[in-house]
$ cat entry.txt   # compact mmCIF, C-alpha atoms
# COMPACT_ATOMS: atom_id res chain seq x y z
CA MET Z 343 66.62 198.77 173.34
CA SER Z 344 70.12 198.61 171.92
CA GLU Z 345 72.12 195.48 171.20
CA PRO Z 346 74.68 194.54 173.87
CA VAL Z 347 78.25 195.34 172.94
CA VAL Z 348 80.24 192.14 172.60
CA PRO Z 349 83.98 192.61 172.64
CA GLN Z 350 85.80 191.04 169.70
CA THR Z 351 87.88 188.06 170.60
CA ARG Z 352 91.59 188.63 170.45
CA SER Z 353 94.24 186.17 169.44
CA ARG Z 354 95.24 183.97 172.32
CA TRP Z 355 99.03 183.93 172.08
CA ALA Z 356 100.56 180.89 173.70
CA ILE Z 357 104.27 181.18 173.00
CA GLY Z 358 105.43 178.96 175.88
CA PRO Z 359 103.03 176.05 175.27
CA ALA Z 360 103.62 176.25 171.51
CA ALA Z 361 107.39 176.14 171.91
CA VAL Z 362 107.27 173.25 174.39
CA THR Z 363 104.83 171.25 172.25
CA VAL Z 364 106.82 171.66 169.04
CA VAL Z 365 110.17 170.94 170.68
CA LEU Z 366 108.74 167.80 172.31
CA PHE Z 367 107.28 166.73 168.96
CA VAL Z 368 110.66 167.10 167.23
CA VAL Z 369 112.47 165.36 170.09
CA ALA Z 370 109.98 162.50 169.69
CA LEU Z 371 110.73 162.36 165.95
CA TRP Z 372 114.45 162.06 166.68
CA ALA Z 373 113.90 159.45 169.40
CA ILE Z 374 111.73 157.39 167.03
CA GLU Z 375 114.40 157.60 164.32
CA ILE Z 376 117.04 156.41 166.82
CA VAL Z 377 114.85 153.42 167.69
CA ASP Z 378 114.15 152.81 163.99
CA THR Z 379 117.89 152.86 163.24
CA VAL Z 380 118.55 150.33 166.01
CA LEU Z 381 115.72 148.16 164.63
CA MET Z 382 117.22 148.41 161.12
CA ASN Z 383 114.39 150.59 159.79
CA ARG Z 384 111.62 148.14 160.64
CA LEU Z 385 109.37 150.92 161.99
CA ASP Z 386 109.17 152.46 158.53
CA ALA Z 387 106.73 149.72 157.53
CA GLY Z 388 104.21 151.60 159.71
CA GLY Z 389 103.85 154.33 157.08
CA ILE Z 390 100.85 154.73 154.80
CA THR Z 391 100.47 151.95 152.23
CA PRO Z 392 97.66 153.15 149.95
CA TRP Z 393 94.64 150.98 149.26
CA ARG Z 394 95.67 148.30 151.76
CA ILE Z 395 93.58 147.77 154.87
CA ASP Z 396 96.72 147.10 156.90
CA GLY Z 397 98.06 150.45 155.64
CA VAL Z 398 95.26 152.55 157.17
CA GLY Z 399 97.11 152.64 160.51
CA GLY Z 400 99.86 154.49 158.71
CA ILE Z 401 97.62 157.55 158.71
CA LEU Z 402 98.30 157.78 162.43
CA TRP Z 403 101.99 156.84 162.36
CA ALA Z 404 103.39 158.17 159.07
CA PRO Z 405 104.17 161.74 160.26
CA LEU Z 406 106.30 160.27 163.06
CA LEU Z 407 108.43 158.09 160.78
CA HIS Z 408 111.22 159.07 158.41
CA SER Z 409 113.11 157.16 155.74
CA GLY Z 410 116.48 157.93 157.32
CA TRP Z 411 118.47 160.68 158.94
CA PRO Z 412 118.70 163.00 155.89
CA HIS Z 413 114.88 162.92 155.62
CA LEU Z 414 114.46 163.76 159.31
CA ILE Z 415 117.14 166.45 159.27
CA ALA Z 416 115.46 168.11 156.26
CA ASN Z 417 112.14 168.20 158.15
CA THR Z 418 113.46 169.33 161.54
CA VAL Z 419 113.83 173.12 161.11
CA PRO Z 420 110.62 173.59 159.10
CA ALA Z 421 108.73 171.51 161.69
CA LEU Z 422 110.09 173.65 164.52
CA VAL Z 423 109.37 176.98 162.82
CA LEU Z 424 106.04 176.25 161.14
CA GLY Z 425 104.70 174.10 163.98
CA PHE Z 426 105.51 176.87 166.44
CA LEU Z 427 103.84 179.53 164.30
CA ALA Z 428 100.75 177.35 163.79
CA LEU Z 429 100.35 176.90 167.55
CA ALA Z 430 101.64 180.18 169.03
CA VAL Z 431 98.94 182.56 167.81
CA ASP Z 432 96.02 180.46 169.09
CA TYR Z 433 97.09 177.20 170.68
CA GLY Z 434 93.70 175.49 170.63
CA ARG Z 435 93.05 176.30 166.98
CA GLY Z 436 96.62 175.35 166.13
CA LEU Z 437 96.11 171.92 167.69
CA ALA Z 438 92.81 171.54 165.82
CA ALA Z 439 94.53 172.55 162.57
CA THR Z 440 97.28 170.01 163.25
CA ALA Z 441 94.68 167.24 163.70
CA ILE Z 442 92.88 168.25 160.49
CA ILE Z 443 96.15 168.25 158.56
CA TRP Z 444 97.48 165.03 160.11
CA PHE Z 445 94.38 162.93 159.49
CA GLY Z 446 93.03 164.71 156.41
CA ALA Z 447 96.28 164.53 154.49
CA GLY Z 448 96.92 160.96 155.62
CA ALA Z 449 93.48 159.77 154.52
CA ALA Z 450 93.83 161.51 151.16
CA VAL Z 451 97.24 159.90 150.61
CA TRP Z 452 95.78 156.49 151.46
CA PHE Z 453 93.05 157.02 148.83
CA THR Z 454 95.26 158.49 146.10
CA GLY Z 455 98.73 157.02 146.53
CA GLY Z 456 100.05 154.43 144.12
CA LEU Z 457 99.65 150.73 144.84
CA GLY Z 458 102.77 149.26 146.39
CA THR Z 459 104.07 152.62 147.60
CA LEU Z 460 104.94 153.63 151.14
CA HIS Z 461 104.44 157.19 152.40
CA LEU Z 462 106.04 158.47 155.59
CA GLY Z 463 107.51 161.61 157.10
CA ALA Z 464 106.38 164.84 158.70
CA SER Z 465 106.46 166.80 155.44
CA GLY Z 466 102.70 166.50 154.87
CA LEU Z 467 102.21 168.09 158.27
CA ILE Z 468 104.82 170.74 157.45
CA PHE Z 469 103.11 171.64 154.16
CA GLY Z 470 99.81 171.85 156.03
CA TRP Z 471 101.22 174.13 158.70
CA LEU Z 472 102.73 176.26 155.92
CA THR Z 473 99.43 176.90 154.13
CA TYR Z 474 97.57 177.25 157.43
CA VAL Z 475 99.95 179.95 158.66
CA ILE Z 476 99.98 181.75 155.30
CA LEU Z 477 96.17 181.79 154.97
CA ARG Z 478 94.95 181.99 158.58
CA GLY Z 479 95.25 185.76 158.85
CA LEU Z 480 93.33 186.36 155.63
CA PHE Z 481 90.34 184.38 156.88
CA ASN Z 482 90.58 185.83 160.41
CA ARG Z 483 91.05 189.37 159.05
CA ARG Z 484 93.85 190.02 161.53
CA ILE Z 485 96.69 192.21 160.37
CA GLY Z 486 99.28 190.58 162.66
CA GLN Z 487 98.45 187.12 161.36
CA ILE Z 488 98.48 188.40 157.77
CA LEU Z 489 101.97 189.86 158.30
CA ILE Z 490 103.17 186.55 159.77
CA GLY Z 491 101.67 184.78 156.77
CA VAL Z 492 103.43 187.13 154.33
CA ALA Z 493 106.77 186.61 156.10
CA VAL Z 494 106.31 182.83 156.15
CA GLY Z 495 105.33 182.87 152.48
CA ALA Z 496 108.44 184.85 151.64
CA VAL Z 497 110.73 182.46 153.53
CA TYR Z 498 109.05 179.09 152.94
CA GLY Z 499 106.70 179.68 149.99
CA GLY Z 500 109.12 178.04 147.58
CA LEU Z 501 108.44 174.74 149.31
CA LEU Z 502 105.02 174.71 147.70
CA TRP Z 503 106.61 173.54 144.45
CA GLY Z 504 106.92 170.24 146.31
CA VAL Z 505 103.21 169.56 145.71
CA LEU Z 506 104.13 168.67 142.12
CA PRO Z 507 105.34 165.17 141.18
CA THR Z 508 108.86 166.28 140.27
CA GLN Z 509 111.10 164.08 142.44
CA PRO Z 510 111.01 160.29 142.23
CA GLY Z 511 110.65 158.68 145.65
CA VAL Z 512 109.17 161.81 147.26
CA SER Z 513 105.54 161.70 148.31
CA TRP Z 514 104.16 164.68 146.44
CA GLN Z 515 100.72 163.42 147.52
CA SER Z 516 101.64 164.03 151.18
CA HIS Z 517 102.83 167.52 150.28
CA LEU Z 518 99.78 168.33 148.16
CA PHE Z 519 97.15 167.00 150.54
CA GLY Z 520 98.97 168.43 153.55
CA ALA Z 521 98.82 171.85 151.87
CA VAL Z 522 95.14 171.38 150.98
CA ALA Z 523 94.29 170.26 154.52
CA GLY Z 524 96.13 173.29 155.94
CA ALA Z 525 94.13 175.61 153.69
CA LEU Z 526 90.88 173.91 154.73
CA ALA Z 527 91.88 174.22 158.38
CA ALA Z 528 92.43 177.97 157.90
CA VAL Z 529 88.89 178.25 156.51
CA TRP Z 530 87.15 175.96 159.00
CA LEU Z 531 88.89 177.36 162.08
CA ARG Z 532 88.57 181.05 161.21
CA ASP Z 533 87.18 183.57 163.69
CA ARG Z 534 83.40 183.71 163.47
CA ARG Z 535 82.69 187.36 164.10
CA GLY Z 536 79.43 189.23 163.51
$ encode --input "entry.txt" --output "structure tokens"
Amino acid sequence: MSEPVVPQTRSRWAIGPAAVTVVLFVVALWAIEIVDTVLMNRLDAGGITPWRIDGVGGILWAPLLHSGWPHLIANTVPALVLGFLALAVDYGRGLAATAIIWFGAGAAVWFTGGLGTLHLGASGLIFGWLTYVILRGLFNRRIGQILIGVAVGAVYGGLLWGVLPTQPGVSWQSHLFGAVAGALAAVWLRDRRG
């Protein structure tokens, strides 16, 4: 008796839901920054404050907060592009990858950040989406995803220098652990085929 033929799963493109989700996320970031500006930046205290029990909640809130308009503006286009690409190929896995990056990077920053520092901004998530999109195709063995990863690497790969502690006042830990969490998400969420 022969084995049943099981069709290989194909990527589940979800361009519409991905676009709507990412646009709503970025609109929320802008709305939060408007509220934060009106409140004279009091929301920023909700970021990650490493090694403090009252700073653990920042793991949830930090990606939604920015240290001012230039910070948010710098994160807007990469969030739109990389967030869309992370979600569009397989929406469910993209959401799972986002959760892994969001909470994994945040927890790692809480454990490794300097005492008395405050970490906030969507850049950890952006770095995670970047490595996830670059590596996802390699682990899934899908040529289309590999080509997307190559293109993203060519356009945004230079950002990865941001994982190094080169700029004072910039959370290289968020960048580094976001990138690591994105790579782990690419491994953990890969297609499991025969």
$ closest_residue --input "entry.txt" --among "Z:Leu501, Z:Leu531, Z:Pro392, Z:Pro359" --to "Leu480 (chain Z)" --atoms "only C-alpha atoms"
Z:Leu531
$ closest_residue --input "entry.txt" --among "Z:Trp403, Z:Trp372, Z:Trp530, Z:Trp503" --to "Trp444 (chain Z)" --atoms "all atoms listed in the file"
Z:Trp403
$ atom_distance --input "entry.txt" --atom1 "CA of Ala523 (chain Z)" --atom2 "CA of Ala438 (chain Z)"
11.5 Å
$ closest_residue --input "entry.txt" --among "Z:Gly425, Z:Gly458, Z:Gly436, Z:Gly446" --to "Arg394 (chain Z)" --atoms "all atoms listed in the file"
Z:Gly458
$ closest_residue --input "entry.txt" --among "Z:Pro510, Z:Thr454, Z:Arg534, Z:Gly434" --to "Asn482 (chain Z)" --atoms "all atoms listed in the file"
Z:Arg534
$ closest_residue --input "entry.txt" --among "Z:Thr391, Z:Ser465, Z:Thr379, Z:Ser513" --to "Ile443 (chain Z)" --atoms "all atoms listed in the file"
Z:Ser465
$ atom_distance --input "entry.txt" --atom1 "CA of Asp396 (chain Z)" --atom2 "CA of Gly410 (chain Z)"
22.5 Å
$ closest_residue --input "entry.txt" --among "Z:Val362, Z:Ile376, Z:Leu429, Z:Leu502" --to "Trp514 (chain Z)" --atoms "only C-alpha atoms"
Z:Leu502
$ residues_around --input "entry.txt" --residues "Ile390 (chain Z)" --least-positions-apart "2" --cutoff "12 Å" --atoms "all atoms listed in the file" --output "number ranges by chain"
Z: 385-388, 392-408, 445, 447-463, 466, 513, 515-516
$ decode --input "entry.txt" --residues "region 411-424 of chain Z" --atoms "N, CA, C and O atoms" --output "short mmCIF file (atom, residue, chain, number, x, y, z; two decimals), in the first residue's frame"
data_model
loop_
_atom_site.label_atom_id
_atom_site.label_comp_id
_atom_site.auth_asym_id
_atom_site.auth_seq_id
_atom_site.Cartn_x
_atom_site.Cartn_y
_atom_site.Cartn_z
N TRP Z 411 8.91 63.38 17.93
CA TRP Z 411 8.49 63.26 16.53
C TRP Z 411 9.61 62.77 15.61
O TRP Z 411 9.36 61.94 14.73
N PRO Z 412 10.85 63.24 15.75
CA PRO Z 412 11.91 62.72 14.86
C PRO Z 412 12.08 61.20 15.00
O PRO Z 412 12.29 60.51 14.00
N HIS Z 413 11.97 60.69 16.23
CA HIS Z 413 12.09 59.25 16.47
C HIS Z 413 10.97 58.51 15.76
O HIS Z 413 11.20 57.50 15.07
N LEU Z 414 9.74 58.99 15.91
CA LEU Z 414 8.59 58.35 15.26
C LEU Z 414 8.68 58.44 13.75
O LEU Z 414 8.43 57.46 13.04
N ILE Z 415 9.05 59.59 13.24
CA ILE Z 415 9.16 59.77 11.78
C ILE Z 415 10.20 58.80 11.22
O ILE Z 415 9.98 58.18 10.17
N ALA Z 416 11.33 58.65 11.91
CA ALA Z 416 12.37 57.73 11.45
C ALA Z 416 11.89 56.29 11.42
O ALA Z 416 12.34 55.50 10.58
N ASN Z 417 10.97 55.92 12.30
CA ASN Z 417 10.47 54.54 12.35
C ASN Z 417 9.26 54.29 11.45
O ASN Z 417 8.93 53.12 11.21
N THR Z 418 8.63 55.32 10.95
CA THR Z 418 7.36 55.15 10.23
C THR Z 418 7.49 54.34 8.94
O THR Z 418 6.79 53.33 8.77
N VAL Z 419 8.36 54.74 8.03
CA VAL Z 419 8.45 54.03 6.74
C VAL Z 419 8.96 52.60 6.92
O VAL Z 419 8.36 51.66 6.38
N PRO Z 420 10.03 52.39 7.71
CA PRO Z 420 10.45 51.00 7.91
C PRO Z 420 9.36 50.13 8.56
O PRO Z 420 9.22 48.96 8.22
N ALA Z 421 8.59 50.70 9.47
CA ALA Z 421 7.50 49.94 10.09
C ALA Z 421 6.45 49.56 9.06
O ALA Z 421 5.96 48.42 9.04
N LEU Z 422 6.11 50.49 8.19
CA LEU Z 422 5.11 50.21 7.15
C LEU Z 422 5.61 49.12 6.20
O LEU Z 422 4.91 48.16 5.91
N VAL Z 423 6.83 49.27 5.71
CA VAL Z 423 7.36 48.34 4.71
C VAL Z 423 7.63 46.97 5.31
O VAL Z 423 7.15 45.94 4.82
N LEU Z 424 8.41 46.93 6.39
CA LEU Z 424 8.82 45.64 6.96
C LEU Z 424 7.67 44.94 7.67
O LEU Z 424 7.55 43.72 7.61
#
